Structures are given as structure tokens and as C-alpha cells.
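J.: The structure is given below, and queries will be raised subsequently.
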Amino acid sequence: MQNTHDMIDRVVAEILAKAMGQAASQTAVIAEQDPSLVPIGVSNRHIHLSRPDLDALFGPGSDLTRKKAMKQPGQYAAEETVILRGPKGEIGKVRVLGPLRKETQIEVSIADGFTLGIKAPLRMSGQLEASAGIEVVGPNGSVKKEDGVIVAQRHIHMLPETARSLGIKNGEEVSVEIGGPRGGIMHHVAIRAAEASGLEMHIDIEEANAFGLKNDDHVRILKA
């Protein structure tokens, strides 16, 4: 019976790997045909941990367990999850993303802020000064953060050469055009051009729902 289960697992893994490879190839072809087309990545609430906070939450010397690779090189979703506890409520099973960072950063939606009873500011990743605080609870302990909680500003990851080909620069804001029955124009999309980047626009789940978008849909960067 165990051998049968192992065989089924291998077959399923092969099918999924093939499907993911085909999707990646299709995305690459589309981008080559029109570099202004960018695939969507929808982000749910998640947390990036520092080494001290990982130790406090999961035990000294703990390591993250890789669950699934993400499109940005070197980044992954971990098996580990935490609880976010605010003045008014808590949210469980919040996914930890790796690798570890210098500072803990928690990214939530505006609706999550209502549930928790906090007001997280709209920020780019890493801009944590005077952001919202929260208690983070893990299986081995908890930490109270005075800041670190943000609502992530929508942004597009790309290589510097891609930005140059489109006539845009790192840190610049652009607008994108979205098709479909709930489509429209989305403004104030920050460009994050850096080496070792995968072409992808990151939006949160509320923005995705508002425009009827899902992972791997494509939007078009509008040129000035």
C-alpha cells in the first residue's frame, strides 16, 4: 500500500512540474512578444522573520522548512505559520516566507487591519519606521513588535534591462491597464528593478478581487 501511495505521489508531482513548466514557458513567450505585459502575483497576508524573532517563536536555532519556491529568485513559502494578535482580534495560520531578513516585516490587507484593530500604513517593503505594531505568536513563544506591520504598495519586479527597454527606472511609478469584465487602470504601481528579479507584479488579495485578477493573469504597463 505504501508503494502505491509513493507511486501516486510521484505521478502527481511529475504532472504538477510539467504544468508549471508549461505555464512558465507560456509566460516567457508572452513577455518576449510584448515586454509591456506583466504577469500577476497575488499576495495574501504573510510575515518575513528576523533570526531573533524566529528563535523566539520556534525555538533557538530553528530553521525554516521550505514548502514552495516563489517566482522571485531565492524566495520561498515555508511550512511554518504564526498567529497575529492585535487589540481587537487575531488571525491564525499566517504563512512565514523565507529567507530570513534583518528585520521582521508583516504584510496585511486593509481588512486584516480592521480585524486586528490596527492601522497599517501603505508602504514599500523595508519602509518600517513608524509602521503599526502587533503581537506575533508561535509554537514556542511570542514577540511584541512595536512596528513592522504594513500594507504593501503594489509594485512590479523586473530586471534593470527590462526597465531600460521600457524607458522606466527603478523607484518610478507607472500605471497598468487591466482587461476583463472588471478591468480598468491601476495607478501608482512602483517599479522595483534589480538583478536576480523575476518579472511579476505584486498586488494584495483585495486589489486582485477588485479588478477580477488571479495569479498569472497579465496586465499591460502604460507608457507615458
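Ligands are numbered from 1 in the order shown, residues from 1 within each chain, and chains are lettered A, B, ... in the order they appear in the C-alpha cells.
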Using 10 Å as the limit and counting only C-alpha atoms, can you tabulate each residue of stretch 105-191 of chain A that touches stretch 67-80 of chain A, with its shortest atom-to-atom distance in Å and the two atoms involved, as a tab-separated table?
T.:
residue	atom	partner	partner_atom	distance
A:Gly138	CA	A:Glu80	CA	9.0
A:Pro139	CA	A:Glu80	CA	9.6
A:His157	CA	A:Gln72	CA	8.3
A:Met158	CA	A:Gln72	CA	9.7
J.: Extract the full set of strand (DSSP E) residues from stretch 16-218 of chain A according to DSSP on the backbone, and format it as a count of residues only.
T.: 86
J.: Hey, what does DSSP flag as alpha helix (DSSP H) within stretch 9-161 of chain A? Can you give it to me as an MDAnalysis selection string?
T.: chainID A and resid 9:33 51:58 110:116 160:161
J.: Set the distance at 9 Å and use only C-alpha atoms: which residues neighbour A:Arg182 once local chain neighbours fewer than 6 positions away are removed? I'd like the list as a PDB file with all heavy atoms, in the first residue's frame.
T.:
ATOM      1  N   ALA A 210     -10.824  43.273  -6.522  1.00  0.00           N
ATOM      2  CA  ALA A 210     -11.462  44.470  -7.066  1.00  0.00           C
ATOM      3  C   ALA A 210     -11.388  44.505  -8.593  1.00  0.00           C
ATOM      4  O   ALA A 210     -12.311  44.989  -9.251  1.00  0.00           O
ATOM      5  CB  ALA A 210     -10.815  45.725  -6.484  1.00  0.00           C
ATOM      6  N   PHE A 211     -10.278  43.990  -9.151  1.00  0.00           N
ATOM      7  CA  PHE A 211     -10.091  44.034 -10.601  1.00  0.00           C
ATOM      8  C   PHE A 211     -10.302  42.670 -11.267  1.00  0.00           C
ATOM      9  O   PHE A 211     -10.052  42.524 -12.468  1.00  0.00           O
ATOM     10  CB  PHE A 211      -8.688  44.551 -10.934  1.00  0.00           C
ATOM     11  CG  PHE A 211      -8.543  46.040 -10.785  1.00  0.00           C
ATOM     12  CD1 PHE A 211      -8.190  46.599  -9.565  1.00  0.00           C
ATOM     13  CD2 PHE A 211      -8.770  46.891 -11.857  1.00  0.00           C
ATOM     14  CE1 PHE A 211      -8.057  47.971  -9.423  1.00  0.00           C
ATOM     15  CE2 PHE A 211      -8.643  48.264 -11.727  1.00  0.00           C
ATOM     16  CZ  PHE A 211      -8.288  48.811 -10.498  1.00  0.00           C
ATOM     17  N   GLY A 212     -10.752  41.684 -10.506  1.00  0.00           N
ATOM     18  CA  GLY A 212     -11.006  40.368 -11.081  1.00  0.00           C
ATOM     19  C   GLY A 212      -9.747  39.670 -11.557  1.00  0.00           C
ATOM     20  O   GLY A 212      -9.766  38.952 -12.564  1.00  0.00           O
ATOM     21  N   LEU A 213      -8.621  39.863 -10.844  1.00  0.00           N
ATOM     22  CA  LEU A 213      -7.342  39.286 -11.245  1.00  0.00           C
ATOM     23  C   LEU A 213      -7.007  38.047 -10.423  1.00  0.00           C
ATOM     24  O   LEU A 213      -7.423  37.919  -9.275  1.00  0.00           O
ATOM     25  CB  LEU A 213      -6.225  40.314 -11.063  1.00  0.00           C
ATOM     26  CG  LEU A 213      -6.210  41.492 -12.043  1.00  0.00           C
ATOM     27  CD1 LEU A 213      -5.262  42.575 -11.567  1.00  0.00           C
ATOM     28  CD2 LEU A 213      -5.832  41.027 -13.445  1.00  0.00           C
TER      29      LEU A 213
END
J.: Find the residues near A:Asp204: any atom within 7 Å, counting only C-alpha atoms, skip ones fewer than 4 places away on the same chain, and give them as an MDAnalysis selection string.
T.: chainID A and resid 42:44 109 208
J.: Determine, counting only C-alpha atoms, which protein, DNA and RNA residues have an atom within 6 Å of an atom of A:Val176; residues of the same chain fewer than 4 positions away are not included. Present the result as a PyMOL selection string.
T.: chain A and resi 185-186+220-222
J.: What does the file look like for those residues with all heavy atoms, as a PDB file, in the first residue's frame?
T.:
ATOM      1  N   ILE A 185      -7.851  50.881 -15.084  1.00  0.00           N
ATOM      2  CA  ILE A 185      -6.490  51.386 -14.976  1.00  0.00           C
ATOM      3  C   ILE A 185      -6.090  51.426 -13.504  1.00  0.00           C
ATOM      4  O   ILE A 185      -6.815  51.957 -12.671  1.00  0.00           O
ATOM      5  CB  ILE A 185      -6.352  52.808 -15.569  1.00  0.00           C
ATOM      6  CG1 ILE A 185      -6.872  52.839 -17.014  1.00  0.00           C
ATOM      7  CG2 ILE A 185      -4.892  53.260 -15.503  1.00  0.00           C
ATOM      8  CD1 ILE A 185      -6.097  51.965 -17.966  1.00  0.00           C
ATOM      9  N   MET A 186      -4.933  50.846 -13.191  1.00  0.00           N
ATOM     10  CA  MET A 186      -4.409  50.873 -11.829  1.00  0.00           C
ATOM     11  C   MET A 186      -3.196  51.798 -11.806  1.00  0.00           C
ATOM     12  O   MET A 186      -2.225  51.577 -12.532  1.00  0.00           O
ATOM     13  CB  MET A 186      -4.024  49.460 -11.383  1.00  0.00           C
ATOM     14  CG  MET A 186      -3.694  49.342  -9.907  1.00  0.00           C
ATOM     15  SD  MET A 186      -3.222  47.640  -9.425  1.00  0.00           S
ATOM     16  CE  MET A 186      -4.785  46.782  -9.600  1.00  0.00           C
ATOM     17  N   ARG A 220      -0.922  45.276 -18.610  1.00  0.00           N
ATOM     18  CA  ARG A 220      -0.034  45.982 -19.531  1.00  0.00           C
ATOM     19  C   ARG A 220       0.450  47.288 -18.908  1.00  0.00           C
ATOM     20  O   ARG A 220      -0.355  48.106 -18.442  1.00  0.00           O
ATOM     21  CB  ARG A 220      -0.756  46.284 -20.831  1.00  0.00           C
ATOM     22  CG  ARG A 220       0.158  46.917 -21.929  1.00  0.00           C
ATOM     23  CD  ARG A 220      -0.667  47.314 -23.151  1.00  0.00           C
ATOM     24  NE  ARG A 220      -1.367  46.172 -23.683  1.00  0.00           N
ATOM     25  CZ  ARG A 220      -0.814  45.266 -24.521  1.00  0.00           C
ATOM     26  NH1 ARG A 220       0.449  45.405 -24.895  1.00  0.00           N
ATOM     27  NH2 ARG A 220      -1.520  44.268 -24.987  1.00  0.00           N
ATOM     28  N   ILE A 221       1.766  47.492 -18.899  1.00  0.00           N
ATOM     29  CA  ILE A 221       2.326  48.753 -18.440  1.00  0.00           C
ATOM     30  C   ILE A 221       2.030  49.835 -19.473  1.00  0.00           C
ATOM     31  O   ILE A 221       2.295  49.661 -20.656  1.00  0.00           O
ATOM     32  CB  ILE A 221       3.849  48.641 -18.230  1.00  0.00           C
ATOM     33  CG1 ILE A 221       4.165  47.626 -17.133  1.00  0.00           C
ATOM     34  CG2 ILE A 221       4.457  50.005 -17.873  1.00  0.00           C
ATOM     35  CD1 ILE A 221       5.645  47.350 -16.950  1.00  0.00           C
ATOM     36  N   LEU A 222       1.464  50.940 -19.023  1.00  0.00           N
ATOM     37  CA  LEU A 222       1.143  52.041 -19.914  1.00  0.00           C
ATOM     38  C   LEU A 222       2.328  52.996 -19.999  1.00  0.00           C
ATOM     39  O   LEU A 222       2.846  53.432 -18.963  1.00  0.00           O
ATOM     40  CB  LEU A 222      -0.093  52.789 -19.417  1.00  0.00           C
ATOM     41  CG  LEU A 222      -1.396  51.970 -19.371  1.00  0.00           C
ATOM     42  CD1 LEU A 222      -2.525  52.811 -18.821  1.00  0.00           C
ATOM     43  CD2 LEU A 222      -1.749  51.453 -20.759  1.00  0.00           C
TER      44      LEU A 222
END
